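Next up, model_6.tsv (TSV, C-alpha atoms):
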```
chain	number	residue	atom	x	y	z
T	1	MET	CA	0.00	0.00	0.00
T	2	SER	CA	1.38	3.38	-0.93
T	3	LEU	CA	1.67	6.20	1.58
T	4	PRO	CA	-1.01	8.46	-0.01
T	5	LYS	CA	-3.54	5.62	0.03
T	6	PHE	CA	-2.65	4.91	3.64
T	7	ILE	CA	-3.11	8.55	4.65
T	8	VAL	CA	-6.50	8.79	2.92
T	9	GLY	CA	-7.65	5.55	4.55
T	10	MET	CA	-6.40	6.73	7.92
T	11	MET	CA	-8.31	10.01	7.57
T	12	PHE	CA	-11.51	8.13	6.74
T	13	ALA	CA	-11.05	5.81	9.72
T	14	LEU	CA	-10.40	8.74	12.04
T	15	ALA	CA	-13.44	10.58	10.66
T	16	ILE	CA	-15.59	7.53	11.38
T	17	VAL	CA	-14.24	7.27	14.94
T	18	ILE	CA	-14.78	10.99	15.54
T	19	GLY	CA	-18.28	10.86	14.06
T	20	TRP	CA	-19.20	7.80	16.10
T	21	SER	CA	-17.86	9.43	19.27
T	22	TYR	CA	-19.74	12.68	18.57
T	23	PHE	CA	-23.06	10.94	17.93
T	24	ASP	CA	-22.46	8.75	20.99
T	25	GLY	CA	-22.48	11.95	23.06
T	26	ALA	CA	-18.85	11.75	24.15
T	27	SER	CA	-17.06	14.79	25.50
T	28	LEU	CA	-14.44	16.62	23.46
T	29	GLY	CA	-11.65	15.05	25.52
T	30	THR	CA	-13.00	11.54	24.96
T	31	ILE	CA	-13.35	12.20	21.23
T	32	LEU	CA	-9.76	13.43	21.08
T	33	LEU	CA	-8.50	10.45	23.11
T	34	ARG	CA	-10.33	7.95	20.89
T	35	ALA	CA	-8.95	9.63	17.75
T	36	ILE	CA	-5.39	9.52	19.09
T	37	ILE	CA	-5.69	5.87	20.11
T	38	CYS	CA	-7.12	5.00	16.70
T	39	ALA	CA	-4.31	6.86	14.92
T	40	VAL	CA	-1.64	5.08	16.99
T	41	ILE	CA	-3.16	1.66	16.30
T	42	ILE	CA	-3.38	2.38	12.56
T	43	GLN	CA	0.23	3.65	12.48
T	44	ALA	CA	1.49	0.58	14.35
T	45	GLY	CA	-0.37	-1.70	11.96
T	46	TYR	CA	1.07	0.06	8.93
T	47	PHE	CA	4.58	-0.15	10.40
T	48	LEU	CA	4.20	-3.88	11.05
T	49	LEU	CA	2.83	-4.43	7.55
T	50	VAL	CA	5.79	-2.64	5.93
T	51	PHE	CA	8.22	-4.43	8.26
T	52	ALA	CA	6.73	-7.81	7.26
T	53	MET	CA	6.92	-6.91	3.56
T	54	ILE	CA	10.59	-5.97	3.91
T	55	GLY	CA	11.32	-9.13	5.88
T	56	ARG	CA	9.85	-11.39	3.18
T	57	VAL	CA	12.02	-9.99	0.38
T	58	THR	CA	15.00	-12.17	-0.40
T	59	PRO	CA	18.25	-10.21	-0.28
T	60	THR	CA	20.04	-9.58	-3.54
T	61	SER	CA	23.76	-10.07	-3.52
T	62	ALA	CA	25.86	-6.97	-4.05
T	63	ASP	CA	27.53	-8.59	-7.07
T	64	LYS	CA	24.20	-9.03	-8.86
T	65	VAL	CA	23.30	-5.41	-8.19
T	66	ARG	CA	26.69	-4.20	-9.44
T	67	GLN	CA	26.41	-6.35	-12.57
T	68	ALA	CA	22.95	-4.98	-13.30
T	69	ASP	CA	24.14	-1.39	-12.81
T	70	ARG	CA	27.22	-1.96	-14.94
T	71	GLY	CA	25.11	-3.44	-17.73
T	72	ALA	CA	22.68	-0.52	-17.63
T	73	ILE	CA	25.53	1.99	-17.81
T	74	LEU	CA	27.28	0.19	-20.65
T	75	ASN	CA	24.07	0.07	-22.65
T	76	LYS	CA	23.75	3.85	-22.37
T	77	VAL	CA	27.33	4.57	-23.47
T	78	ALA	CA	27.73	5.25	-27.16
T	79	GLU	CA	29.65	2.81	-29.31
T	80	GLY	CA	33.37	3.61	-29.26
T	81	GLU	CA	33.21	5.89	-26.23
T	82	LYS	CA	35.78	4.94	-23.62
T	83	LEU	CA	34.78	4.64	-19.98
T	84	SER	CA	37.42	5.92	-17.60
T	85	ALA	CA	37.58	7.16	-14.03
T	86	ARG	CA	40.19	9.71	-15.01
T	87	ARG	CA	39.10	13.07	-16.27
T	88	SER	CA	41.12	15.33	-18.48
T	89	LEU	CA	41.83	18.88	-17.37
T	90	HIS	CA	41.96	20.09	-20.99
```
Translate this file's structure into structure tokens.
Amino acid sequence: MSLPKFIVGMMFALAIVIGWSYFDGASLGTILLRAIICAVIIQAGYFLLVFAMIGRVTPTSADKVRQADRGAILNKVAEGEKLSARRSLH
């Protein structure tokens, strides 16, 4: 889930909690407390979801990443152009 979708969903959930609290006749302090608790629970859930998604990804070896980058760079270099780390001052 992308961050903008998460934020929109969180706003809708908080609006529902605030609306439910208001129509329940709760005081302003109770409404605020319920909204904060709801926001913390949603944030913790999103963090755990992202953490689980990162944990499931198999790590890519650094050599494979370097090979892929090197291949992408070489494909962009024009035919006959020499790649060098040295730069001429002229």
Leu14 (chain T) environment, 8 Å, all atoms listed in the file, sequence neighbours closer than 3 positions dropped, as a ChimeraX atom specification
/T:10-11,17-18,35,38-39
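Straight-line separation from CA of Thr30 (chain T) to CA of Ala44 (chain T): 21.0 Å.
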Name all residues at most 12 Å from region 49-51 of chain T (count all atoms listed in the file; drop same-chain ones fewer than 5 positions away) and give them as a PyMOL selection string.
chain T and resi 1-3+6+42-44+56-57
Find the residues around Ser21 (chain T) up to 10 Å (all atoms listed in the file counted), leave out those fewer than 6 positions away in its own chain, and share them as a compact mmCIF listing (two decimals) with C-alpha atoms, in the coordinates of the input.
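Contents of part_30.txt, as written:
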```txt
# COMPACT_ATOMS: atom_id res chain seq x y z
CA ALA T 15 -13.44 10.58 10.66
CA SER T 27 -17.06 14.79 25.50
CA LEU T 28 -14.44 16.62 23.46
CA THR T 30 -13.00 11.54 24.96
CA ILE T 31 -13.35 12.20 21.23
CA LEU T 32 -9.76 13.43 21.08
CA ARG T 34 -10.33 7.95 20.89
CA ALA T 35 -8.95 9.63 17.75
```
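Here CA of Gly9 (chain T) and CA of Asp24 (chain T) stand 22.4 Å from one another.
Coordinates place CA of Pro4 (chain T) at a distance of 26.1 Å from CA of Thr58 (chain T).
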What box, with edges along x, y and z, holds each listed atom of region 5-15 of chain T when 5 Å is added on every side, and can you state its centre and edge lengths in Å to one decimal, as JSON?
```
{"center_x": -8.0, "center_y": 7.7, "center_z": 6.0, "size_x": 20.8, "size_y": 15.7, "size_z": 22.0}
```
Starting from the incomplete input, reconstruct N, CA, C and O atoms of region 46-61 of chain T and report them as a PDB file, keeping the file's coordinate frame.
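What landed in out-v4.pdb:
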```
ATOM      1  N   TYR T  46       0.385  -0.242  10.194  1.00  0.00           N
ATOM      2  CA  TYR T  46       1.070   0.060   8.930  1.00  0.00           C
ATOM      3  C   TYR T  46       2.555  -0.237   9.055  1.00  0.00           C
ATOM      4  O   TYR T  46       3.158  -0.815   8.152  1.00  0.00           O
ATOM      5  N   PHE T  47       3.167   0.132  10.188  1.00  0.00           N
ATOM      6  CA  PHE T  47       4.580  -0.150  10.400  1.00  0.00           C
ATOM      7  C   PHE T  47       4.837  -1.654  10.360  1.00  0.00           C
ATOM      8  O   PHE T  47       5.789  -2.113   9.712  1.00  0.00           O
ATOM      9  N   LEU T  48       4.014  -2.435  11.043  1.00  0.00           N
ATOM     10  CA  LEU T  48       4.200  -3.880  11.050  1.00  0.00           C
ATOM     11  C   LEU T  48       4.000  -4.482   9.663  1.00  0.00           C
ATOM     12  O   LEU T  48       4.708  -5.419   9.279  1.00  0.00           O
ATOM     13  N   LEU T  49       3.050  -3.958   8.905  1.00  0.00           N
ATOM     14  CA  LEU T  49       2.830  -4.430   7.550  1.00  0.00           C
ATOM     15  C   LEU T  49       4.056  -4.175   6.676  1.00  0.00           C
ATOM     16  O   LEU T  49       4.533  -5.066   5.968  1.00  0.00           O
ATOM     17  N   VAL T  50       4.598  -2.966   6.722  1.00  0.00           N
ATOM     18  CA  VAL T  50       5.790  -2.640   5.930  1.00  0.00           C
ATOM     19  C   VAL T  50       6.975  -3.461   6.403  1.00  0.00           C
ATOM     20  O   VAL T  50       7.755  -3.972   5.592  1.00  0.00           O
ATOM     21  N   PHE T  51       7.128  -3.633   7.708  1.00  0.00           N
ATOM     22  CA  PHE T  51       8.220  -4.430   8.260  1.00  0.00           C
ATOM     23  C   PHE T  51       8.129  -5.875   7.772  1.00  0.00           C
ATOM     24  O   PHE T  51       9.140  -6.480   7.400  1.00  0.00           O
ATOM     25  N   ALA T  52       6.928  -6.440   7.740  1.00  0.00           N
ATOM     26  CA  ALA T  52       6.730  -7.810   7.260  1.00  0.00           C
ATOM     27  C   ALA T  52       7.037  -7.909   5.764  1.00  0.00           C
ATOM     28  O   ALA T  52       7.635  -8.891   5.310  1.00  0.00           O
ATOM     29  N   MET T  53       6.640  -6.897   5.003  1.00  0.00           N
ATOM     30  CA  MET T  53       6.920  -6.910   3.560  1.00  0.00           C
ATOM     31  C   MET T  53       8.419  -6.859   3.297  1.00  0.00           C
ATOM     32  O   MET T  53       8.926  -7.540   2.404  1.00  0.00           O
ATOM     33  N   ILE T  54       9.140  -6.064   4.073  1.00  0.00           N
ATOM     34  CA  ILE T  54      10.590  -5.970   3.910  1.00  0.00           C
ATOM     35  C   ILE T  54      11.248  -7.282   4.338  1.00  0.00           C
ATOM     36  O   ILE T  54      12.192  -7.748   3.704  1.00  0.00           O
ATOM     37  N   GLY T  55      10.749  -7.891   5.388  1.00  0.00           N
ATOM     38  CA  GLY T  55      11.320  -9.130   5.880  1.00  0.00           C
ATOM     39  C   GLY T  55      11.142 -10.304   4.939  1.00  0.00           C
ATOM     40  O   GLY T  55      11.954 -11.231   4.923  1.00  0.00           O
ATOM     41  N   ARG T  56      10.105 -10.292   4.111  1.00  0.00           N
ATOM     42  CA  ARG T  56       9.850 -11.390   3.180  1.00  0.00           C
ATOM     43  C   ARG T  56      10.700 -11.318   1.923  1.00  0.00           C
ATOM     44  O   ARG T  56      10.850 -12.308   1.237  1.00  0.00           O
ATOM     45  N   VAL T  57      11.248 -10.163   1.604  1.00  0.00           N
ATOM     46  CA  VAL T  57      12.020  -9.990   0.380  1.00  0.00           C
ATOM     47  C   VAL T  57      13.361 -10.698   0.541  1.00  0.00           C
ATOM     48  O   VAL T  57      14.057 -10.519   1.527  1.00  0.00           O
ATOM     49  N   THR T  58      13.710 -11.504  -0.453  1.00  0.00           N
ATOM     50  CA  THR T  58      15.000 -12.170  -0.400  1.00  0.00           C
ATOM     51  C   THR T  58      16.095 -11.175  -0.763  1.00  0.00           C
ATOM     52  O   THR T  58      15.962 -10.409  -1.718  1.00  0.00           O
ATOM     53  N   PRO T  59      17.181 -11.179  -0.012  1.00  0.00           N
ATOM     54  CA  PRO T  59      18.250 -10.210  -0.280  1.00  0.00           C
ATOM     55  C   PRO T  59      18.951 -10.508  -1.604  1.00  0.00           C
ATOM     56  O   PRO T  59      19.136 -11.661  -1.980  1.00  0.00           O
ATOM     57  N   THR T  60      19.311  -9.464  -2.290  1.00  0.00           N
ATOM     58  CA  THR T  60      20.040  -9.580  -3.540  1.00  0.00           C
ATOM     59  C   THR T  60      21.512  -9.371  -3.235  1.00  0.00           C
ATOM     60  O   THR T  60      21.878  -8.452  -2.523  1.00  0.00           O
ATOM     61  N   SER T  61      22.339 -10.220  -3.795  1.00  0.00           N
ATOM     62  CA  SER T  61      23.760 -10.070  -3.520  1.00  0.00           C
ATOM     63  C   SER T  61      24.280  -8.792  -4.167  1.00  0.00           C
ATOM     64  O   SER T  61      23.778  -8.322  -5.182  1.00  0.00           O
TER      65      SER T  61
END
```
